[in-house]
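Okay, model-v8.tsv now, which holds TSV, C-alpha atoms and all ligand atoms:
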chain	number	residue	atom	x	y	z
A	446	MET	CA	-59.98	25.12	-24.15
A	447	HIS	CA	-59.21	28.10	-26.34
A	448	ALA	CA	-56.20	27.76	-28.51
A	449	PHE	CA	-54.87	30.91	-26.87
A	450	ALA	CA	-55.18	29.45	-23.39
A	451	ALA	CA	-53.44	26.30	-24.53
A	452	LEU	CA	-50.67	28.39	-25.98
A	453	ALA	CA	-50.35	30.39	-22.76
A	454	LEU	CA	-50.13	27.14	-20.82
A	455	ALA	CA	-47.48	25.85	-23.15
A	456	PHE	CA	-45.45	29.03	-22.58
A	457	ALA	CA	-45.93	28.77	-18.84
A	458	SER	CA	-44.57	25.25	-18.83
A	459	VAL	CA	-41.57	26.38	-20.89
A	460	ALA	CA	-40.94	29.10	-18.32
A	461	LEU	CA	-41.24	26.56	-15.52
A	462	ALA	CA	-38.82	24.27	-17.29
A	463	LEU	CA	-36.21	27.03	-17.42
A	464	ASN	CA	-33.16	25.63	-15.91
A	465	CYS	CA	-30.05	27.50	-14.82
A	466	ASN	CA	-26.77	25.63	-14.41
A	467	GLY	CA	-28.77	22.41	-14.33
A	468	HIS	CA	-31.36	23.39	-11.72
A	469	ASN	CA	-34.65	25.31	-11.82
A	470	GLU	CA	-34.03	26.44	-8.26
A	471	LEU	CA	-30.85	28.27	-9.24
A	472	CYS	CA	-32.72	30.55	-11.68
A	473	ASP	CA	-34.18	32.49	-8.74
A	474	ARG	CA	-30.96	32.69	-6.77
A	475	LYS	CA	-28.71	35.70	-6.93
A	476	TYR	CA	-25.27	35.05	-8.39
A	477	SER	CA	-23.84	36.07	-5.01
A	478	ASN	CA	-25.89	33.38	-3.27
A	479	VAL	CA	-24.69	30.44	-5.38
A	480	THR	CA	-21.72	28.20	-4.58
A	481	PHE	CA	-19.48	27.16	-7.46
A	482	VAL	CA	-16.85	24.46	-7.24
A	483	GLY	CA	-14.21	25.66	-9.65
A	484	ALA	CA	-11.15	24.48	-11.53
A	485	HIS	CA	-7.98	26.17	-10.32
A	486	ASP	CA	-5.45	26.87	-13.10
A	487	SER	CA	-7.88	25.33	-15.55
A	488	SER	CA	-5.61	25.56	-18.60
A	489	PHE	CA	-2.70	23.63	-17.12
A	490	VAL	CA	-3.85	20.22	-18.28
A	491	GLY	CA	-1.66	17.12	-18.13
A	492	ILE	CA	0.35	14.98	-15.77
A	493	LEU	CA	3.53	17.02	-15.50
A	494	PRO	CA	4.50	18.57	-12.14
A	495	ALA	CA	3.36	22.05	-13.27
A	496	ASP	CA	-0.09	20.78	-14.33
A	497	ASN	CA	-3.18	21.28	-12.18
A	498	GLN	CA	-5.92	19.57	-14.17
A	499	LEU	CA	-6.38	16.31	-16.07
A	500	GLN	CA	-9.16	17.31	-18.47
A	501	SER	CA	-9.39	20.01	-21.13
A	502	VAL	CA	-11.37	23.12	-20.27
A	503	THR	CA	-14.16	21.93	-22.58
A	504	ASP	CA	-14.36	18.65	-20.67
A	505	GLN	CA	-14.25	20.50	-17.34
A	506	LEU	CA	-17.30	22.50	-18.50
A	507	GLY	CA	-18.90	19.30	-19.78
A	508	GLY	CA	-18.41	17.77	-16.35
A	509	GLY	CA	-20.35	20.60	-14.70
A	510	VAL	CA	-17.61	23.03	-13.67
A	511	ARG	CA	-18.80	26.64	-14.10
A	512	TYR	CA	-15.97	28.54	-12.44
A	513	LEU	CA	-12.56	28.57	-14.08
A	514	THR	CA	-9.36	30.28	-13.10
A	515	ALA	CA	-6.46	30.85	-15.47
A	516	GLN	CA	-3.00	32.31	-15.04
A	517	THR	CA	-1.73	34.74	-17.65
A	518	HIS	CA	1.71	36.05	-18.57
A	519	GLU	CA	3.12	38.31	-21.23
A	520	LYS	CA	5.22	36.69	-23.93
A	521	ASP	CA	6.42	38.50	-27.05
A	522	ASP	CA	3.73	41.12	-26.57
A	523	ALA	CA	0.96	38.49	-26.44
A	524	ILE	CA	-1.05	37.11	-23.51
A	525	GLU	CA	-0.20	33.48	-22.89
A	526	LEU	CA	-1.43	30.99	-20.33
A	527	CYS	CA	1.80	30.13	-18.56
A	528	HIS	CA	2.48	28.64	-15.14
A	529	THR	CA	4.72	31.02	-13.19
A	530	SER	CA	6.90	31.50	-16.27
A	531	CYS	CA	6.42	30.71	-19.96
A	532	LEU	CA	9.71	28.80	-19.80
A	533	LEU	CA	8.19	26.38	-17.29
A	534	LEU	CA	4.81	25.72	-18.91
A	535	ASP	CA	3.10	27.55	-21.77
A	536	THR	CA	-0.37	26.31	-22.71
A	537	GLY	CA	-0.92	28.77	-25.53
A	538	PRO	CA	-2.57	32.10	-26.27
A	539	LEU	CA	-5.39	33.36	-24.05
A	540	GLN	CA	-7.64	33.89	-27.05
A	541	ASP	CA	-7.55	30.18	-27.99
A	542	TYR	CA	-8.63	29.21	-24.50
A	543	LEU	CA	-11.39	31.84	-24.63
A	544	GLY	CA	-12.45	30.45	-28.01
A	545	ASP	CA	-13.00	27.01	-26.46
A	546	ILE	CA	-15.18	28.55	-23.74
A	547	LYS	CA	-17.14	30.59	-26.31
A	548	LYS	CA	-17.83	27.46	-28.34
A	549	TRP	CA	-19.06	25.60	-25.29
A	550	MET	CA	-21.25	28.49	-24.12
A	551	ASP	CA	-22.83	28.80	-27.58
A	552	GLY	CA	-24.00	25.22	-27.28
A	553	ASN	CA	-25.16	25.53	-23.66
A	554	PRO	CA	-27.44	28.59	-23.46
A	555	ASN	CA	-28.67	28.09	-19.88
A	556	GLU	CA	-25.28	28.10	-18.24
A	557	VAL	CA	-23.66	30.90	-16.27
A	558	VAL	CA	-19.86	30.67	-16.34
A	559	THR	CA	-17.26	32.65	-14.41
A	560	LEU	CA	-13.68	33.25	-15.40
A	561	LEU	CA	-11.12	34.51	-12.91
A	562	LEU	CA	-7.90	35.60	-14.60
A	563	THR	CA	-4.64	36.40	-12.91
A	564	ASN	CA	-2.58	39.27	-14.27
A	565	GLY	CA	0.73	39.11	-12.44
A	566	ASP	CA	2.55	40.84	-15.30
A	567	ALA	CA	0.28	43.91	-15.16
A	568	ILE	CA	-0.71	43.59	-18.81
A	569	ASP	CA	-3.01	46.41	-20.00
A	570	VAL	CA	-6.60	45.38	-19.50
A	571	ASN	CA	-7.47	46.58	-23.02
A	572	LYS	CA	-5.25	43.80	-24.36
A	573	PHE	CA	-7.34	41.30	-22.44
A	574	ALA	CA	-10.48	42.82	-23.93
A	575	ASP	CA	-8.97	42.37	-27.40
A	576	ALA	CA	-8.42	38.66	-26.74
A	577	PHE	CA	-12.05	38.28	-25.65
A	578	LYS	CA	-13.21	40.13	-28.78
A	579	THR	CA	-11.07	37.96	-31.05
A	580	ALA	CA	-12.68	34.90	-29.47
A	581	GLY	CA	-16.16	36.48	-29.67
A	582	LEU	CA	-16.61	35.87	-25.95
A	583	ASP	CA	-17.03	39.54	-24.96
A	584	THR	CA	-20.66	39.38	-26.16
A	585	TYR	CA	-21.56	37.14	-23.19
A	586	ALA	CA	-19.80	39.28	-20.59
A	587	TYR	CA	-21.94	40.62	-17.80
A	588	THR	CA	-21.41	44.35	-17.10
A	589	PRO	CA	-22.72	45.74	-13.82
A	590	GLY	CA	-24.03	49.29	-14.06
A	591	ALA	CA	-21.87	50.26	-11.09
A	592	GLU	CA	-19.91	48.35	-8.48
A	593	LEU	CA	-22.39	45.94	-6.94
A	594	ALA	CA	-23.02	45.35	-3.27
A	595	MET	CA	-23.29	41.64	-2.49
A	596	ASP	CA	-27.09	41.63	-2.52
A	597	GLU	CA	-27.30	43.59	-5.78
A	598	TRP	CA	-26.18	40.79	-8.07
A	599	PRO	CA	-28.76	39.57	-10.59
A	600	THR	CA	-30.21	36.09	-10.41
A	601	LEU	CA	-28.82	33.36	-12.64
A	602	GLY	CA	-32.22	33.40	-14.40
A	603	THR	CA	-31.81	37.07	-15.33
A	604	MET	CA	-28.29	36.49	-16.58
A	605	VAL	CA	-29.43	33.56	-18.72
A	606	ALA	CA	-32.45	35.49	-20.08
A	607	ASN	CA	-30.31	38.52	-20.96
A	608	LYS	CA	-27.58	36.32	-22.49
A	609	LYS	CA	-25.07	38.08	-20.22
A	610	ARG	CA	-23.93	34.94	-18.50
A	611	LEU	CA	-20.15	35.18	-18.40
A	612	VAL	CA	-18.73	36.91	-15.33
A	613	VAL	CA	-15.07	37.94	-15.64
A	614	PHE	CA	-12.83	38.81	-12.72
A	615	MET	CA	-9.14	39.75	-12.63
A	616	ASP	CA	-6.95	39.56	-9.54
A	617	TYR	CA	-4.73	42.57	-10.13
A	618	HIS	CA	-4.70	45.53	-12.53
A	619	ALA	CA	-8.35	45.43	-13.56
A	620	ASP	CA	-9.58	48.87	-14.63
A	621	THR	CA	-13.32	49.14	-15.15
A	622	SER	CA	-12.93	52.68	-16.49
A	623	LYS	CA	-11.25	51.06	-19.50
A	624	VAL	CA	-13.05	47.68	-19.63
A	625	PRO	CA	-16.23	47.75	-17.55
A	626	TRP	CA	-16.81	43.98	-17.65
A	627	ILE	CA	-13.41	42.86	-16.34
A	628	LEU	CA	-14.17	43.16	-12.65
A	629	ASP	CA	-11.69	43.72	-9.84
A	630	GLU	CA	-11.63	40.43	-7.97
A	631	PHE	CA	-10.74	41.81	-4.57
A	632	LYS	CA	-13.50	44.42	-4.61
A	633	TYR	CA	-15.94	41.52	-4.76
A	634	TYR	CA	-14.20	38.66	-2.97
A	635	PHE	CA	-11.80	37.66	-0.31
A	636	GLU	CA	-9.75	34.47	-0.55
A	637	THR	CA	-8.40	31.96	1.93
A	638	PRO	CA	-4.68	31.02	1.72
A	639	PHE	CA	-3.50	29.05	-1.31
A	640	ASP	CA	-0.74	26.50	-1.85
A	641	THR	CA	-1.29	24.83	1.49
A	642	THR	CA	0.34	21.49	2.30
A	643	ASP	CA	-2.07	20.78	5.16
A	644	LYS	CA	-4.23	17.84	4.08
A	645	ASN	CA	-6.85	18.78	6.64
A	646	PHE	CA	-7.33	22.35	5.38
A	647	ALA	CA	-7.89	23.22	9.01
A	648	GLN	CA	-8.41	26.95	8.47
A	649	CYS	CA	-10.67	29.41	6.72
A	650	THR	CA	-8.53	32.49	7.18
A	651	LEU	CA	-8.92	35.66	5.17
A	652	ASP	CA	-5.59	35.87	3.30
A	653	ARG	CA	-6.25	38.39	0.50
A	654	PRO	CA	-6.94	41.28	0.27
A	655	GLN	CA	-4.72	41.79	3.29
A	656	ASN	CA	-6.35	43.30	6.35
A	657	ALA	CA	-9.70	43.59	4.56
A	658	SER	CA	-13.07	42.95	6.11
A	659	PRO	CA	-14.96	39.82	5.07
A	660	ASP	CA	-18.24	41.74	5.33
A	661	GLY	CA	-19.81	42.60	2.01
A	662	ARG	CA	-17.47	40.36	0.04
A	663	MET	CA	-18.19	37.00	-1.55
A	664	TYR	CA	-15.44	34.50	-0.80
A	665	ILE	CA	-13.22	31.96	-2.45
A	666	VAL	CA	-11.89	28.93	-0.59
A	667	ASN	CA	-8.67	27.53	-1.99
A	668	HIS	CA	-9.15	23.82	-1.43
A	669	PHE	CA	-6.21	22.53	-3.45
A	670	LEU	CA	-3.32	20.71	-1.92
A	671	ASP	CA	0.35	21.10	-2.71
A	672	ILE	CA	3.26	18.88	-1.88
A	673	GLU	CA	6.77	20.14	-1.20
A	674	ILE	CA	9.14	18.14	-3.41
A	675	PHE	CA	12.27	20.14	-2.51
A	676	PRO	CA	12.62	22.79	0.16
A	677	GLY	CA	10.53	25.68	-1.07
A	678	VAL	CA	9.35	23.90	-4.24
A	679	LEU	CA	5.63	23.17	-4.20
A	680	ILE	CA	3.71	21.23	-6.84
A	681	PRO	CA	0.04	20.18	-7.01
A	682	ASN	CA	-0.56	17.01	-5.01
A	683	MET	CA	-2.15	14.68	-7.53
A	684	ALA	CA	-1.67	11.51	-5.48
A	685	ASP	CA	-4.03	12.76	-2.77
A	686	ALA	CA	-6.59	14.39	-5.08
A	687	GLY	CA	-9.21	11.69	-4.45
A	688	THR	CA	-9.19	12.46	-0.74
A	689	THR	CA	-8.80	16.23	-1.13
A	690	ASN	CA	-11.72	16.38	-3.57
A	691	SER	CA	-14.01	14.09	-1.58
A	692	VAL	CA	-17.28	15.48	-0.24
A	693	ALA	CA	-15.99	14.86	3.28
A	694	SER	CA	-12.80	16.87	2.84
A	695	ILE	CA	-14.48	19.76	0.98
A	696	LEU	CA	-17.35	20.04	3.46
A	697	ALA	CA	-15.06	19.75	6.47
A	698	GLN	CA	-13.37	22.95	5.37
A	699	THR	CA	-16.50	24.75	4.18
A	700	ASP	CA	-18.33	23.90	7.43
A	701	LEU	CA	-15.46	25.55	9.25
A	702	CYS	CA	-15.90	28.54	6.93
A	703	TYR	CA	-19.63	28.64	7.60
A	704	SER	CA	-19.10	28.71	11.33
A	705	LYS	CA	-16.68	31.60	10.88
A	706	TYR	CA	-18.59	33.76	8.40
A	707	GLN	CA	-22.19	32.50	8.78
A	708	ARG	CA	-22.51	31.88	5.06
A	709	THR	CA	-21.41	29.24	2.59
A	710	PRO	CA	-18.40	30.02	0.36
A	711	ASN	CA	-19.20	31.33	-3.10
A	712	VAL	CA	-16.34	29.46	-4.68
A	713	VAL	CA	-14.31	26.39	-3.77
A	714	LEU	CA	-11.30	25.96	-6.05
A	715	LEU	CA	-9.87	22.51	-6.73
A	716	ASP	CA	-6.95	21.04	-8.62
A	717	PHE	CA	-7.70	17.84	-10.59
A	718	VAL	CA	-11.40	18.74	-10.46
A	719	SER	CA	-12.32	15.63	-12.48
A	720	ILE	CA	-11.13	13.41	-9.58
A	721	GLY	CA	-13.36	13.03	-6.54
A	722	ASP	CA	-16.83	14.45	-5.95
A	723	ALA	CA	-16.70	18.14	-6.86
A	724	MET	CA	-20.24	18.27	-8.24
A	725	LYS	CA	-21.74	16.40	-5.30
A	726	ALA	CA	-20.11	18.81	-2.89
A	727	GLN	CA	-21.38	21.74	-4.96
A	728	ALA	CA	-24.98	20.43	-4.92
A	729	ASN	CA	-24.73	19.92	-1.19
A	730	MET	CA	-23.52	23.47	-0.55
A	731	ASN	CA	-26.34	24.81	-2.72
A	732	ASN	CA	-28.88	22.71	-0.82
A	733	LEU	CA	-29.79	20.84	-3.99
A	734	ALA	CA	-30.54	17.16	-4.06
B	1	LIG	C1	-27.40	31.72	0.40
B	1	LIG	O1	-28.41	32.12	1.29
B	1	LIG	C2	-28.70	31.17	2.31
B	1	LIG	C3	-29.87	31.70	3.10
B	1	LIG	O2	-29.58	32.97	3.63
B	1	LIG	C4	-27.45	30.94	3.16
B	1	LIG	O3	-27.70	29.96	4.14
B	1	LIG	C5	-26.31	30.47	2.28
B	1	LIG	O4	-25.14	30.37	3.04
B	1	LIG	C6	-26.09	31.48	1.14
B	1	LIG	N1	-25.06	30.95	0.22
B	1	LIG	C7	-24.11	31.75	-0.29
B	1	LIG	C8	-23.16	31.14	-1.21
B	1	LIG	O5	-24.06	32.93	-0.02
Take the structure in the file and write it out as structure tokens.
Amino acid sequence: MHAFAALALAFASVALALNCNGHNELCDRKYSNVTFVGAHDSSFVGILPADNQLQSVTDQLGGGVRYLTAQTHEKDDAIELCHTSCLLLDTGPLQDYLGDIKKWMDGNPNEVVTLLLTNGDAIDVNKFADAFKTAGLDTYAYTPGAELAMDEWPTLGTMVANKKRLVVFMDYHADTSKVPWILDEFKYYFETPFDTTDKNFAQCTLDRPQNASPDGRMYIVNHFLDIEIFPGVLIPNMADAGTTNSVASILAQTDLCYSKYQRTPNVVLLDFVSIGDAMKAQANMNNLA
């Protein structure tokens, strides 16, 4: 065999070995046709009533989670990751959290990660961009040329090859005329209700954006359970997380969703994602062994 042919073969096998989020098969799938099991309120780590997760964001990523949500609030002119109020729980500046993600992504070049940020305080989106730049994470951000229809998303393989493998969404007050890579969540997704106390998750209702059509939107299923400790006071239900995050419980709800919308959810958000079988459920929904 010619040396050249051998070299070509070697390249071909490298290309074949390309692996996206742990699976060759996912390289050819459009972002909009992949299901991610995500960590809800990923920065609220601990065992206090206002915490939603047990592992650090780096460990969540290490455990296979590729979809992270985080809640932001304004404090002394800075963006902090606080739960409802910075007086209740403040887990530090956004840029530190982004720095942890940047570090992890640097070391894991075949992984596509999504970040969904809330912006209940209507902080200027340019300030968010500054935090990403400080952390160096803006360089990975995927920028669509224009608003994408569902079938116009690139494949995970393209995102990995182009090194644009961080997708950023914001629930409210995104402005792509100012920051083109912080995408308006509700242009792209609808969500089912959150903060339910129904252990059976016996619904797959479109909750937000209100009165919108599910057609043409990806969708997020909020599969995290709350418990009411006082009238009107809900906290994450850690005691039942093993059951809530079992394959059986997740698929019972997502099967219901499938029968309603004729497609698998794009995102299933969990509290205490390190408990239960999040990754097994994700592989199942993606039809991966
Ligand atoms: C991906 O496409 C397949 C085949 O059309 C479909 O069954 C599945 O529900 C889709 N998954 C998502 C997340 O859109």
(request) Please measure the separation of atom CA of A:Met730 and atom CA of A:Asn478, giving the value in Å to one decimal. (result)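 Spanning atom CA of A:Met730 to atom CA of A:Asn478 is a straight-line distance of 10.5 Å.
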(message) Given the point (-8.0, 24.8, 13.4) in the coordinates of this file, which residues lie within 12 Å, counting only C-alpha atoms, and how would they look as an NGL selection string?
(response) :A and (643 or 645-650 or 697-698 or 700-702 or 704-705)
(request) Compare A:Ser658, A:Ser691, A:Asn564, A:Gln505 by their minimum atom-to-atom distance to A:Asp620, counting all atoms listed in the file, and give me the closest one. (result)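 Selected residue with least distance to A:Asp620: A:Asn564.
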(request) Just give me the gap between atom CA of A:Val613 and atom CA of A:Ile720 in Å, one decimal is fine. (result)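 Result for atom CA of A:Val613 versus atom CA of A:Ile720: 25.6 Å, one decimal.
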(request) Considering all atoms listed in the file, state which residue in the set A:Gln707, A:Thr514, A:Gln500, A:Asn729 is at the smallest distance from ligand LIG 1 (chain B). (result) A:Gln707
What do you get as a compact mmCIF listing (two decimals) with C-alpha atoms, keeping the file's coordinate frame if you pick all residues at most 7 Å from ligand LIG 1 (chain B), counting all atoms listed in the file?
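What follows is the written file result07.txt:
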# COMPACT_ATOMS: atom_id res chain seq x y z
CA SER A 477 -23.84 36.07 -5.01
CA ASN A 478 -25.89 33.38 -3.27
CA VAL A 479 -24.69 30.44 -5.38
CA THR A 480 -21.72 28.20 -4.58
CA GLN A 707 -22.19 32.50 8.78
CA ARG A 708 -22.51 31.88 5.06
CA THR A 709 -21.41 29.24 2.59
CA PRO A 710 -18.40 30.02 0.36
CA ASN A 711 -19.20 31.33 -3.10
CA ASN A 731 -26.34 24.81 -2.72
(message) Just want the 9 Å neighbourhood of A:Met604, counted on all atoms listed in the file, with same-chain residues fewer than 6 positions away dropped. Output as an MDAnalysis selection string.
(response) chainID A and resid 472 476 557 587 610:611
Around all of stretch 504-514 of chain A's listed atoms, make the axis-aligned box with 3 Å on each side and tell me centre and edge lengths in Å to one decimal, as AutoDock Vina command-line options.
--center_x -14.9 --center_y 24.0 --center_z -16.6 --size_x 17.0 --size_y 18.5 --size_z 14.2
(message) Report as a PyMOL selection string all protein, DNA and RNA residues lying within 9 Å of A:Tyr585, evaluated on all atoms listed in the file, omitting residues in the same chain fewer than 5 positions from it.
(response) chain A and resi 547+550+608-612
(message) Report, in Å with one decimal, the straight-line distance from atom CA of A:Ser487 to atom CA of A:Ala734.
(response)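 These atoms are spaced 26.7 Å apart.
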(request) Check the smallest atom-to-atom distance from each of A:Ala693, A:Pro654, A:Val482, A:Asp671 to A:Asp496 using only C-alpha atoms, then report the winner. (result) A:Asp671
(message) Restricting the calculation to only C-alpha atoms: of A:Asn656, A:Ser488, A:Thr563, A:Asn732, which residue gets closest to A:Gln516?
(response)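 Smallest separation from A:Gln516 among the options: A:Thr563.
Proximity ranking of A:Leu562, A:Cys531, A:Leu463, A:Leu696 relative to A:Ala728 places A:Leu696 first, based on all atoms listed in the file.
When the distance limit is 12 Å and all atoms listed in the file are what count, the residues near A:Leu593, minus those fewer than 4 positions from it on the same chain, are Tyr476, Ser477, Thr588, Pro589, Glu597, Trp598, Pro599, Leu628, Asp629, Lys632, Tyr633, Tyr634, Gly661, Arg662 and Met663 of chain A.
Considering only C-alpha atoms, the residue among A:Ala594, A:Ala576, A:Ile492, A:Leu582 positioned nearest to A:Phe717 is A:Ile492.
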